[in-house]
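work04.cif (mmCIF, C-alpha atoms and all ligand atoms)
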data_final
#
loop_
_atom_site.label_atom_id
_atom_site.label_comp_id
_atom_site.auth_asym_id
_atom_site.auth_seq_id
_atom_site.Cartn_x
_atom_site.Cartn_y
_atom_site.Cartn_z
CA THR J 159 -46.71 6.63 -186.55
CA GLN J 160 -48.85 9.45 -185.13
CA ASP J 161 -46.33 10.02 -182.33
CA GLU J 162 -43.50 10.81 -184.73
CA ILE J 163 -45.39 13.17 -187.00
CA TYR J 164 -46.22 16.86 -186.75
CA ASN J 165 -49.01 17.73 -189.14
CA PHE J 166 -49.13 21.34 -190.39
CA SER J 167 -52.10 20.91 -192.73
CA ALA J 168 -54.44 23.89 -193.16
CA GLY J 169 -57.48 21.68 -192.74
CA PRO J 170 -58.58 19.00 -192.37
CA CYS J 171 -55.75 19.07 -189.90
CA CYS J 172 -54.30 17.63 -186.73
CA LEU J 173 -56.64 16.75 -183.89
CA PRO J 174 -55.53 16.04 -180.32
CA LYS J 175 -54.32 12.46 -179.92
CA GLU J 176 -56.49 12.12 -176.81
CA VAL J 177 -59.56 12.89 -178.91
CA LEU J 178 -58.66 10.39 -181.62
CA LYS J 179 -57.98 7.73 -179.00
CA LYS J 180 -61.31 8.32 -177.28
CA ALA J 181 -63.07 7.93 -180.63
CA GLN J 182 -61.12 4.73 -181.22
CA GLU J 183 -62.20 3.34 -177.86
CA GLU J 184 -65.83 4.18 -178.52
CA LEU J 185 -65.83 3.23 -182.19
CA LEU J 186 -67.75 -0.05 -181.91
CA ASP J 187 -69.90 0.68 -178.90
CA TRP J 188 -70.94 4.18 -177.96
CA ASN J 189 -71.74 4.49 -174.27
CA GLY J 190 -73.06 0.97 -173.86
CA THR J 191 -75.53 1.22 -176.74
CA GLY J 192 -73.76 -1.67 -178.50
CA ILE J 193 -73.60 0.30 -181.73
CA SER J 194 -71.25 2.82 -183.29
CA VAL J 195 -72.15 6.50 -183.68
CA MET J 196 -71.86 5.81 -187.42
CA GLU J 197 -74.74 3.35 -187.15
CA MET J 198 -77.09 5.50 -185.10
CA SER J 199 -80.28 7.17 -186.20
CA HIS J 200 -79.98 10.92 -186.07
CA ARG J 201 -83.42 10.89 -184.43
CA SER J 202 -82.31 8.57 -181.60
CA LYS J 203 -81.97 9.71 -178.00
CA ALA J 204 -78.31 8.69 -178.03
CA PHE J 205 -77.54 10.98 -180.95
CA LYS J 206 -79.57 13.81 -179.42
CA ASP J 207 -77.41 13.45 -176.30
CA ILE J 208 -74.29 13.72 -178.47
CA THR J 209 -75.39 16.91 -180.26
CA GLY J 210 -76.88 18.35 -177.10
CA LYS J 211 -73.57 17.97 -175.27
CA ALA J 212 -71.53 19.29 -178.20
CA GLU J 213 -73.73 22.40 -178.34
CA LYS J 214 -73.70 22.91 -174.58
CA ASP J 215 -69.91 22.56 -174.37
CA LEU J 216 -69.38 24.92 -177.31
CA ARG J 217 -71.66 27.48 -175.67
CA THR J 218 -69.68 27.20 -172.44
CA LEU J 219 -66.26 27.25 -174.12
CA MET J 220 -67.08 30.27 -176.28
CA ASN J 221 -69.50 31.96 -173.90
CA ILE J 222 -72.27 32.11 -176.52
CA PRO J 223 -75.35 34.00 -175.27
CA ASP J 224 -78.76 32.31 -175.15
CA ASN J 225 -80.22 34.52 -177.86
CA TYR J 226 -77.95 32.92 -180.44
CA HIS J 227 -78.77 29.62 -182.13
CA VAL J 228 -75.97 27.12 -182.66
CA LEU J 229 -76.39 24.93 -185.73
CA PHE J 230 -74.23 22.02 -186.90
CA LEU J 231 -74.77 21.97 -190.66
CA GLN J 232 -73.21 20.49 -193.79
CA GLY J 233 -71.86 21.90 -197.04
CA GLY J 234 -68.82 23.64 -195.61
CA ALA J 235 -68.17 27.33 -195.14
CA SER J 236 -68.64 27.63 -198.91
CA LEU J 237 -72.29 26.66 -198.68
CA GLN J 238 -72.75 29.01 -195.76
CA TYR J 239 -71.29 32.04 -197.48
CA SER J 240 -73.66 31.27 -200.34
CA ALA J 241 -76.67 30.78 -198.02
CA ILE J 242 -76.14 33.92 -195.93
CA PRO J 243 -77.47 36.48 -198.45
CA PHE J 244 -80.59 34.34 -198.97
CA ASN J 245 -81.23 34.30 -195.24
CA LEU J 246 -80.47 37.90 -194.39
CA LEU J 247 -81.60 39.99 -197.36
CA ASP J 248 -85.12 41.27 -198.04
CA ASP J 249 -86.23 43.99 -200.44
CA ASN J 250 -83.04 45.67 -199.41
CA LYS J 251 -80.38 43.66 -201.22
CA LYS J 252 -77.44 45.83 -200.36
CA MET J 253 -74.39 44.37 -198.63
CA ASN J 254 -70.88 45.42 -197.61
CA TYR J 255 -68.06 42.93 -198.21
CA LEU J 256 -64.56 43.43 -196.90
CA VAL J 257 -62.18 41.19 -198.86
CA THR J 258 -58.76 40.53 -197.35
CA GLY J 259 -58.04 37.12 -198.83
CA PHE J 260 -58.95 34.10 -200.90
CA TRP J 261 -62.02 33.09 -198.88
CA GLY J 262 -63.47 36.56 -198.44
CA ALA J 263 -63.22 36.83 -202.23
CA GLY J 264 -65.26 33.62 -202.58
CA ALA J 265 -67.95 34.97 -200.29
CA PHE J 266 -67.99 38.25 -202.22
CA ARG J 267 -68.36 36.48 -205.60
CA ASN J 268 -71.35 34.53 -204.35
CA ALA J 269 -73.05 37.49 -202.67
CA LYS J 270 -72.90 39.38 -205.98
CA LYS J 271 -75.20 36.74 -207.49
CA VAL J 272 -77.92 37.70 -205.04
CA GLY J 273 -77.70 41.45 -204.54
CA ASP J 274 -75.72 44.69 -204.72
CA VAL J 275 -72.39 44.47 -203.03
CA THR J 276 -70.19 47.36 -201.97
CA GLU J 277 -66.53 46.47 -201.93
CA VAL J 278 -65.34 47.99 -198.68
CA ILE J 279 -61.74 48.23 -199.83
CA LYS J 280 -60.24 48.36 -203.32
CA PRO J 281 -59.21 44.90 -204.54
CA LEU J 282 -55.74 44.20 -203.15
CA GLU J 283 -52.98 43.08 -205.51
CA THR J 284 -51.68 40.69 -202.90
CA TYR J 285 -53.49 39.75 -199.76
CA ASN J 286 -51.06 40.94 -197.14
CA GLY J 287 -53.13 43.00 -194.73
CA CYS J 288 -55.84 45.62 -194.95
CA THR J 289 -56.12 49.33 -195.64
CA ASP J 290 -56.87 51.71 -192.77
CA PHE J 291 -60.48 52.16 -191.71
CA SER J 292 -60.36 55.82 -192.78
CA GLU J 293 -60.13 54.59 -196.39
CA TRP J 294 -63.04 52.13 -196.27
CA THR J 295 -66.19 52.63 -198.33
CA ILE J 296 -69.28 51.61 -196.41
CA ASP J 297 -72.86 51.57 -197.60
CA LYS J 298 -74.68 52.78 -194.49
CA ASP J 299 -77.99 51.30 -195.69
CA ALA J 300 -76.65 47.81 -196.36
CA LYS J 301 -78.36 44.86 -194.65
CA TYR J 302 -75.09 43.50 -193.36
CA PHE J 303 -71.31 43.70 -193.42
CA HIS J 304 -69.32 40.53 -194.17
CA PHE J 305 -65.66 39.82 -193.45
CA CYS J 306 -63.35 36.87 -192.82
CA ASP J 307 -61.59 37.07 -189.46
CA ASN J 308 -58.68 34.84 -190.42
CA GLU J 309 -57.76 34.21 -194.04
CA THR J 310 -56.46 30.64 -194.03
CA VAL J 311 -54.67 30.78 -197.39
CA ASP J 312 -53.06 34.18 -197.02
CA GLY J 313 -52.37 34.21 -193.28
CA VAL J 314 -54.18 37.50 -192.64
CA GLU J 315 -56.03 37.90 -189.34
CA PHE J 316 -57.73 40.86 -187.69
CA HIS J 317 -56.43 41.87 -184.29
CA ASN J 318 -57.94 45.34 -184.00
CA PHE J 319 -61.15 45.15 -185.99
CA PRO J 320 -62.96 48.52 -185.96
CA TYR J 321 -66.05 47.26 -184.10
CA GLU J 322 -66.88 50.62 -182.56
CA GLU J 323 -66.81 52.40 -185.92
CA LEU J 324 -69.06 49.69 -187.38
CA LYS J 325 -71.49 49.40 -184.50
CA ASP J 326 -74.44 50.32 -186.73
CA GLN J 327 -73.65 47.51 -189.17
CA LEU J 328 -74.87 43.94 -188.79
CA LEU J 329 -71.60 42.01 -188.72
CA VAL J 330 -71.39 38.60 -190.40
CA CYS J 331 -68.10 36.81 -190.04
CA ASP J 332 -66.30 33.77 -191.41
CA MET J 333 -64.26 32.33 -188.51
CA SER J 334 -63.53 28.98 -190.14
CA SER J 335 -59.88 28.91 -189.20
CA ASN J 336 -59.76 30.82 -185.93
CA LEU J 337 -62.97 29.89 -184.10
CA CYS J 338 -62.04 28.45 -180.68
CA SER J 339 -58.61 30.08 -180.72
CA ARG J 340 -59.62 33.22 -178.80
CA SER J 341 -62.65 34.70 -177.10
CA VAL J 342 -65.38 36.36 -179.15
CA ASP J 343 -67.54 39.31 -178.11
CA TRP J 344 -70.80 37.93 -179.48
CA ASN J 345 -72.74 41.14 -179.07
CA ARG J 346 -70.70 42.55 -181.93
CA TYR J 347 -71.99 39.90 -184.36
CA GLY J 348 -75.24 38.92 -186.01
CA LEU J 349 -73.92 35.71 -187.51
CA VAL J 350 -70.66 33.78 -187.31
CA TYR J 351 -69.93 30.67 -189.34
CA ALA J 352 -67.05 28.22 -189.54
CA GLY J 353 -66.19 25.15 -191.56
CA ALA J 354 -65.14 23.08 -188.56
CA GLN J 355 -62.29 21.09 -190.12
CA LYS J 356 -59.64 23.20 -188.38
CA ASN J 357 -59.72 23.87 -184.65
CA VAL J 358 -63.05 22.24 -184.02
CA GLY J 359 -63.26 18.83 -185.65
CA PRO J 360 -62.99 16.77 -188.80
CA ALA J 361 -64.38 17.83 -192.19
CA GLY J 362 -68.12 17.62 -192.69
CA VAL J 363 -69.58 19.83 -190.03
CA THR J 364 -70.05 23.57 -190.39
CA ILE J 365 -70.97 25.65 -187.39
CA VAL J 366 -73.42 28.54 -187.69
CA ILE J 367 -74.02 30.81 -184.71
CA VAL J 368 -76.84 33.19 -185.49
CA ARG J 369 -78.77 35.73 -183.42
CA ASP J 370 -82.36 34.56 -183.07
CA ASP J 371 -84.04 37.70 -184.45
CA LEU J 372 -82.25 37.16 -187.77
CA VAL J 373 -83.80 33.75 -188.35
CA GLY J 374 -87.03 33.46 -190.33
CA LYS J 375 -86.59 36.46 -192.61
CA GLN J 376 -85.20 34.57 -195.59
CA LEU J 377 -86.01 35.40 -199.22
CA ASP J 378 -88.92 33.36 -200.64
CA ILE J 379 -86.63 31.66 -203.13
CA THR J 380 -84.36 30.27 -200.39
CA PRO J 381 -84.05 26.48 -200.76
CA ASP J 382 -85.24 24.80 -197.54
CA VAL J 383 -81.92 23.16 -196.81
CA MET J 384 -80.23 26.59 -196.85
CA ASN J 385 -82.93 28.19 -194.72
CA TYR J 386 -81.83 28.63 -191.08
CA LYS J 387 -85.44 28.71 -189.94
CA LYS J 388 -85.98 25.14 -191.20
CA HIS J 389 -83.01 23.92 -189.17
CA VAL J 390 -83.87 25.91 -186.05
CA ASP J 391 -87.49 24.69 -186.02
CA SER J 392 -86.70 21.00 -186.59
CA PRO J 393 -86.40 18.59 -183.62
CA GLY J 394 -82.78 18.48 -182.50
CA HIS J 395 -82.09 21.17 -185.13
CA CYS J 396 -82.00 18.31 -187.65
CA TYR J 397 -83.96 19.42 -190.71
CA ASN J 398 -82.32 16.62 -192.67
CA THR J 399 -79.72 13.99 -191.83
CA PRO J 400 -76.71 15.74 -190.32
CA CYS J 401 -73.10 14.57 -190.54
CA CYS J 402 -73.48 12.54 -187.35
CA TRP J 403 -69.92 11.26 -187.10
CA SER J 404 -68.32 14.68 -187.66
CA ILE J 405 -70.57 16.26 -185.05
CA TYR J 406 -69.64 13.51 -182.60
CA MET J 407 -65.91 14.06 -183.26
CA ALA J 408 -66.28 17.83 -182.95
CA GLY J 409 -68.09 17.21 -179.66
CA LEU J 410 -65.18 15.17 -178.32
CA ASN J 411 -62.76 17.89 -179.34
CA ILE J 412 -64.87 20.69 -177.87
CA GLU J 413 -65.00 18.75 -174.60
CA TYR J 414 -61.21 18.46 -174.73
CA MET J 415 -60.81 22.19 -175.42
CA LEU J 416 -63.17 23.01 -172.58
CA LYS J 417 -60.99 21.06 -170.16
CA LYS J 418 -57.93 22.90 -171.40
CA GLY J 419 -59.59 26.31 -171.27
CA LEU J 420 -59.81 29.04 -173.90
CA ASP J 421 -57.29 31.29 -172.10
CA LYS J 422 -54.66 28.60 -172.25
CA ILE J 423 -55.46 27.87 -175.90
CA GLU J 424 -55.15 31.57 -176.76
CA GLU J 425 -51.88 31.88 -174.88
CA GLU J 426 -50.42 28.87 -176.70
CA ALA J 427 -51.50 30.23 -180.10
CA GLN J 428 -49.62 33.43 -179.30
CA THR J 429 -46.51 31.60 -178.10
CA LYS J 430 -46.40 29.23 -181.08
CA SER J 431 -46.95 31.87 -183.74
CA SER J 432 -44.50 34.38 -182.20
CA MET J 433 -41.84 31.70 -182.11
CA LEU J 434 -42.20 31.07 -185.82
CA TYR J 435 -42.52 34.73 -186.89
CA ASP J 436 -39.52 35.75 -184.76
CA TYR J 437 -37.42 33.09 -186.38
CA ILE J 438 -38.59 33.95 -189.93
CA ASP J 439 -37.95 37.68 -189.42
CA GLY J 440 -34.46 37.01 -188.09
CA THR J 441 -33.31 35.18 -191.23
CA GLU J 442 -32.69 38.39 -193.20
CA GLY J 443 -34.80 37.49 -196.16
CA TYR J 444 -34.02 33.78 -196.42
CA TYR J 445 -37.53 33.03 -195.16
CA VAL J 446 -40.13 35.74 -195.79
CA ASN J 447 -43.67 36.12 -194.50
CA PRO J 448 -45.24 38.85 -196.65
CA VAL J 449 -48.02 39.91 -194.27
CA ASP J 450 -48.12 43.31 -192.53
CA PRO J 451 -47.20 42.49 -188.89
CA ALA J 452 -50.41 44.14 -187.66
CA TYR J 453 -52.42 41.52 -189.59
CA ARG J 454 -50.34 38.41 -189.19
CA SER J 455 -52.33 35.28 -188.47
CA ARG J 456 -51.63 33.38 -185.27
CA ILE J 457 -52.92 30.26 -187.01
CA ASN J 458 -51.81 30.04 -190.65
CA ILE J 459 -48.31 31.21 -191.44
CA PRO J 460 -47.35 31.29 -195.12
CA PHE J 461 -43.75 31.96 -196.06
CA ARG J 462 -41.39 31.77 -199.00
CA VAL J 463 -37.91 30.28 -199.10
CA LYS J 464 -35.74 32.79 -201.01
CA SER J 465 -38.70 33.10 -203.43
CA ASP J 466 -37.36 29.95 -205.04
CA GLU J 467 -39.90 27.31 -206.03
CA LYS J 468 -37.30 24.57 -206.47
CA LEU J 469 -35.91 25.23 -203.02
CA GLU J 470 -39.44 25.19 -201.60
CA GLU J 471 -40.10 21.81 -203.16
CA LYS J 472 -36.92 20.52 -201.54
CA PHE J 473 -37.97 22.10 -198.24
CA VAL J 474 -41.31 20.28 -198.27
CA GLU J 475 -39.68 16.95 -199.18
CA GLU J 476 -36.93 17.14 -196.56
CA ALA J 477 -39.32 18.35 -193.87
CA LYS J 478 -41.47 15.33 -194.56
CA LYS J 479 -38.52 13.03 -193.98
CA GLU J 480 -38.16 14.64 -190.54
CA GLY J 481 -41.83 14.00 -189.75
CA LEU J 482 -42.98 17.57 -190.48
CA VAL J 483 -45.79 17.03 -192.96
CA GLN J 484 -48.31 18.94 -195.12
CA LEU J 485 -46.28 22.14 -195.30
CA LYS J 486 -46.98 22.98 -198.94
CA GLY J 487 -48.65 26.36 -199.48
CA HIS J 488 -52.11 26.71 -201.03
CA VAL J 489 -52.14 26.22 -204.81
CA SER J 490 -53.18 29.85 -205.35
CA VAL J 491 -50.13 31.33 -203.61
CA GLY J 492 -47.47 28.59 -203.60
CA GLY J 493 -44.60 28.67 -201.12
CA ILE J 494 -44.84 27.07 -197.70
CA ARG J 495 -47.63 27.32 -195.16
CA ALA J 496 -47.41 26.17 -191.57
CA SER J 497 -50.85 25.92 -190.02
CA ILE J 498 -50.57 25.74 -186.27
CA TYR J 499 -54.01 24.95 -184.97
CA ASN J 500 -54.87 24.29 -181.33
CA ALA J 501 -53.86 20.64 -181.60
CA MET J 502 -50.32 21.49 -182.75
CA PRO J 503 -48.05 21.09 -179.73
CA ILE J 504 -45.38 23.71 -179.00
CA GLU J 505 -42.79 20.95 -179.58
CA GLY J 506 -44.03 20.70 -183.18
CA VAL J 507 -43.27 24.36 -183.81
CA LYS J 508 -39.89 24.07 -182.08
CA LYS J 509 -39.03 21.13 -184.29
CA LEU J 510 -40.10 23.08 -187.38
CA VAL J 511 -37.89 26.01 -186.41
CA SER J 512 -34.88 23.71 -185.85
CA PHE J 513 -35.51 22.12 -189.22
CA MET J 514 -35.70 25.57 -190.86
CA GLU J 515 -32.36 26.53 -189.29
CA LYS J 516 -30.72 23.37 -190.55
CA PHE J 517 -32.23 23.73 -194.03
CA LYS J 518 -30.98 27.32 -194.26
CA GLU J 519 -27.44 26.29 -193.31
CA GLU J 520 -27.39 23.44 -195.79
CA ASN J 521 -28.92 25.45 -198.64
CA PRO J 522 -27.40 28.94 -198.41
N1 LIG J 601 -63.46 30.15 -195.31
C1 LIG J 601 -62.26 29.90 -194.76
C2 LIG J 601 -61.62 30.95 -193.90
C3 LIG J 601 -61.62 28.68 -195.01
O1 LIG J 601 -60.43 28.42 -194.47
C4 LIG J 601 -62.26 27.71 -195.82
C5 LIG J 601 -61.64 26.36 -196.09
N2 LIG J 601 -60.33 26.23 -195.97
C6 LIG J 601 -63.50 28.04 -196.37
C7 LIG J 601 -64.06 29.26 -196.09
C8 LIG J 601 -64.22 27.05 -197.24
O2 LIG J 601 -64.60 26.03 -196.45
P1 LIG J 601 -65.21 24.66 -197.02
O3 LIG J 601 -64.12 24.00 -197.77
O4 LIG J 601 -65.57 23.96 -195.74
O5 LIG J 601 -66.37 25.01 -197.84
#
Give the structure from the file, written as structure tokens.
Amino acid sequence: TQDEIYNFSAGPCCLPKEVLKKAQEELLDWNGTGISVMEMSHRSKAFKDITGKAEKDLRTLMNIPDNYHVLFLQGGASLQYSAIPFNLLDDNKKMNYLVTGFWGAGAFRNAKKVGDVTEVIKPLETYNGCTDFSEWTIDKDAKYFHFCDNETVDGVEFHNFPYEELKDQLLVCDMSSNLCSRSVDWNRYGLVYAGAQKNVGPAGVTIVIVRDDLVGKQLDITPDVMNYKKHVDSPGHCYNTPCCWSIYMAGLNIEYMLKKGLDKIEEEAQTKSSMLYDYIDGTEGYYVNPVDPAYRSRINIPFRVKSDEKLEEKFVEEAKKEGLVQLKGHVSVGGIRASIYNAMPIEGVKKLVSFMEKFKEENP
């Protein structure tokens, strides 16, 4: 049952039990309407109340200034990193892309289809950190600068991003896997986007937070559904039918996070990740996380077990028997990955560490 399982999936991933239970209670009858959110018109007042509250709570939780639009869209972060160049470029089709992992590379590949991209750092052989700012190549005339704040597959997160040095660049950031895990200084960013199926909600909804002066300047060839202006100008920000259920679920979770408080969430992320890294580093090479400590993710923690695929398979199987599930690493890198999103309780990480100790003893 849910109560016996700790789910380490990278996303879609665990959600707070309280949130799932609330959705269960409201499943057949939302707020006395006699119908389910799944059965509601996206143009109805009830649904507008749902999105309105989700947006308001997200703005409060993340302290998003009024001059930023908040959009709940579809198509995942992958559609957004494809749509961004269409929305932000004009005759000047120059962009800077900083690639520190699997997803930044996807964004880079798609941007190249639309314009001229400067690769800020030389392609890394393995994604295990980032080169020093002094070695970056930056096109000063580029329209914007794109990076991914937390690389979900590789476990690489920025903790000291050189904002000051880049203050003349328009920053565009993929925060799919670390949005709502720490505070954001919005004035540093032009646009932030996140596939919400991690800290925020179930799969289906993608959040775009975009400064209002950047909307409406899209290339003529931009398909309407990818055009932020179309969404912003439509009633309830619904240019077409949104993923109503996913937005509703995200709203419940945002409300839950708001009650908990971002400071507390941030503190727990630090505690949980330090616990796991400290244990891994103390095993003298039995478990290895390959990421430069200055760039280690607080959210997604990939590691190898003696670099031995057979042993890793056994690890995943035995962990599952103990109720520790979805620990297999991403297909592109293999190994193990423990994703410890906001909804992962500290007890889950403690149980994982105890299991790792036992596994190490039994499989020297
Ligand atoms: N960026 C990051 C950082 C991600 O973690 C993911 C999904 N895991 C994506 C982009 C792609 O998101 P989607 O599958 O929602 O398109």
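Considering the residues J:Leu510, J:Val314, J:Leu485, J:Cys331 and counting only C-alpha atoms, Ser455 in chain J has its shortest atom-to-atom contact with J:Val314.
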Produce as a PDB file with C-alpha atoms, in the coordinates of the input the set of residues near ligand LIG 601 (chain J), where near means within 9 Å with all atoms listed in the file considered.
ATOM      1  CA  ALA J 168     -54.440  23.890-193.160  1.00  0.00           C
ATOM      2  CA  GLY J 169     -57.480  21.680-192.740  1.00  0.00           C
ATOM      3  CA  PRO J 170     -58.580  19.000-192.370  1.00  0.00           C
ATOM      4  CA  GLN J 232     -73.210  20.490-193.790  1.00  0.00           C
ATOM      5  CA  GLY J 233     -71.860  21.900-197.040  1.00  0.00           C
ATOM      6  CA  GLY J 234     -68.820  23.640-195.610  1.00  0.00           C
ATOM      7  CA  ALA J 235     -68.170  27.330-195.140  1.00  0.00           C
ATOM      8  CA  SER J 236     -68.640  27.630-198.910  1.00  0.00           C
ATOM      9  CA  LEU J 237     -72.290  26.660-198.680  1.00  0.00           C
ATOM     10  CA  GLN J 238     -72.750  29.010-195.760  1.00  0.00           C
ATOM     11  CA  TYR J 239     -71.290  32.040-197.480  1.00  0.00           C
ATOM     12  CA  GLY J 259     -58.040  37.120-198.830  1.00  0.00           C
ATOM     13  CA  PHE J 260     -58.950  34.100-200.900  1.00  0.00           C
ATOM     14  CA  TRP J 261     -62.020  33.090-198.880  1.00  0.00           C
ATOM     15  CA  GLY J 262     -63.470  36.560-198.440  1.00  0.00           C
ATOM     16  CA  GLY J 264     -65.260  33.620-202.580  1.00  0.00           C
ATOM     17  CA  ALA J 265     -67.950  34.970-200.290  1.00  0.00           C
ATOM     18  CA  CYS J 306     -63.350  36.870-192.820  1.00  0.00           C
ATOM     19  CA  ASP J 307     -61.590  37.070-189.460  1.00  0.00           C
ATOM     20  CA  ASN J 308     -58.680  34.840-190.420  1.00  0.00           C
ATOM     21  CA  GLU J 309     -57.760  34.210-194.040  1.00  0.00           C
ATOM     22  CA  THR J 310     -56.460  30.640-194.030  1.00  0.00           C
ATOM     23  CA  VAL J 311     -54.670  30.780-197.390  1.00  0.00           C
ATOM     24  CA  ASP J 332     -66.300  33.770-191.410  1.00  0.00           C
ATOM     25  CA  MET J 333     -64.260  32.330-188.510  1.00  0.00           C
ATOM     26  CA  SER J 334     -63.530  28.980-190.140  1.00  0.00           C
ATOM     27  CA  SER J 335     -59.880  28.910-189.200  1.00  0.00           C
ATOM     28  CA  ASN J 336     -59.760  30.820-185.930  1.00  0.00           C
ATOM     29  CA  TYR J 351     -69.930  30.670-189.340  1.00  0.00           C
ATOM     30  CA  ALA J 352     -67.050  28.220-189.540  1.00  0.00           C
ATOM     31  CA  GLY J 353     -66.190  25.150-191.560  1.00  0.00           C
ATOM     32  CA  ALA J 354     -65.140  23.080-188.560  1.00  0.00           C
ATOM     33  CA  GLN J 355     -62.290  21.090-190.120  1.00  0.00           C
ATOM     34  CA  LYS J 356     -59.640  23.200-188.380  1.00  0.00           C
ATOM     35  CA  ALA J 361     -64.380  17.830-192.190  1.00  0.00           C
ATOM     36  CA  GLY J 362     -68.120  17.620-192.690  1.00  0.00           C
ATOM     37  CA  VAL J 363     -69.580  19.830-190.030  1.00  0.00           C
ATOM     38  CA  THR J 364     -70.050  23.570-190.390  1.00  0.00           C
TER      39      THR J 364
END
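All residues of protein, DNA or RNA that reach within 10 Å of range 429-436 of chain J, judged by all atoms listed in the file and not counting those fewer than 6 positions away in the chain, are Ile423, Tyr445, Val446, Asn447, Pro451, Arg454, Ser455, Arg456, Ile457, Asn458, Ile459, Phe461, Ala496, Ser497, Ile498, Tyr499, Asn500, Met502, Pro503, Ile504, Glu505, Gly506, Val507, Lys508, Leu510, Val511 and Met514 of chain J.
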Near-Pro223 in chain J list (8 Å; only C-alpha atoms; drop same-chain fewer than 3 positions) as a JSON list (two decimals) with C-alpha atoms, in the frame of the given file:
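Saved to part_26.json:
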[["chain", "number", "residue", "atom", "x", "y", "z"],
["J", 217, "ARG", "CA", -71.66, 27.48, -175.67],
["J", 226, "TYR", "CA", -77.95, 32.92, -180.44],
["J", 344, "TRP", "CA", -70.80, 37.93, -179.48]]
Do you know which residues are at most 8 Å from range 211-216 of chain J counting only C-alpha atoms, after dropping those on the same chain fewer than 5 positions away, and could you put them as a JSON list (two decimals) with C-alpha atoms, in the coordinates of the input?
[["chain", "number", "residue", "atom", "x", "y", "z"],
["J", 221, "ASN", "CA", -69.50, 31.96, -173.90],
["J", 222, "ILE", "CA", -72.27, 32.11, -176.52],
["J", 228, "VAL", "CA", -75.97, 27.12, -182.66],
["J", 405, "ILE", "CA", -70.57, 16.26, -185.05],
["J", 406, "TYR", "CA", -69.64, 13.51, -182.60],
["J", 408, "ALA", "CA", -66.28, 17.83, -182.95],
["J", 409, "GLY", "CA", -68.09, 17.21, -179.66],
["J", 410, "LEU", "CA", -65.18, 15.17, -178.32],
["J", 412, "ILE", "CA", -64.87, 20.69, -177.87],
["J", 413, "GLU", "CA", -65.00, 18.75, -174.60],
["J", 416, "LEU", "CA", -63.17, 23.01, -172.58]]
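The coordinates place CA of Ile193 in chain J at 13.5 Å from CA of Cys402 in chain J.
Our summary of the geometry notes that CA of Leu173 in chain J is positioned 28.8 Å from CA of Val390 in chain J.
Here CA of His227 in chain J stands at a distance of 23.5 Å from CA of Asn254 in chain J.
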Checklist entry - Could you tell me, as a VMD selection string, which residues have any atom at most 12 Å from (-59.6, 9.7, -180.4), counting all atoms listed in the file? => result chain J and resid 160 172 to 185 359 to 360 406 to 411 414
Assuming 8 Å of padding per side, give the centre and edge lengths of the axis-aligned box around every listed atom of range 258-265 of chain J, in Å to one decimal and as lines of an AutoDock Vina configuration file.
center_x = -63.0
center_y = 36.8
center_z = -200.0
size_x = 25.9
size_y = 23.4
size_z = 21.2
Checklist outcome for this item: Residue with the minimum atom-to-atom distance to Cys396 in chain J, picked from J:Ser512, J:Asn245, J:Thr209, J:Asn250 with only C-alpha atoms counted, is J:Thr209
Range 322-326 of chain J surroundings by all atoms listed in the file, 9 Å radius, close-in-sequence under 5 positions cut, as a PDB file with C-alpha atoms, in the coordinates of the input:
ATOM      1  CA  PHE J 291     -60.480  52.160-191.710  1.00  0.00           C
ATOM      2  CA  LYS J 298     -74.680  52.780-194.490  1.00  0.00           C
ATOM      3  CA  PHE J 303     -71.310  43.700-193.420  1.00  0.00           C
ATOM      4  CA  ARG J 346     -70.700  42.550-181.930  1.00  0.00           C
TER       5      ARG J 346
END
Item to check | Selection: 8 Å around Tyr453 in chain J, all atoms listed in the file, excl. self and same-chain fewer than 3 positions, as a list in words | outcome: Asn286, Gly287, Cys288, Val314, Glu315, Phe316, His317, Val449 and Asp450 of chain J
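When all atoms listed in the file are used to compute distances to Gln376 in chain J, the closest of the residues J:Leu482, J:Lys388, J:Val342, J:Gly190 turns out to be J:Lys388.
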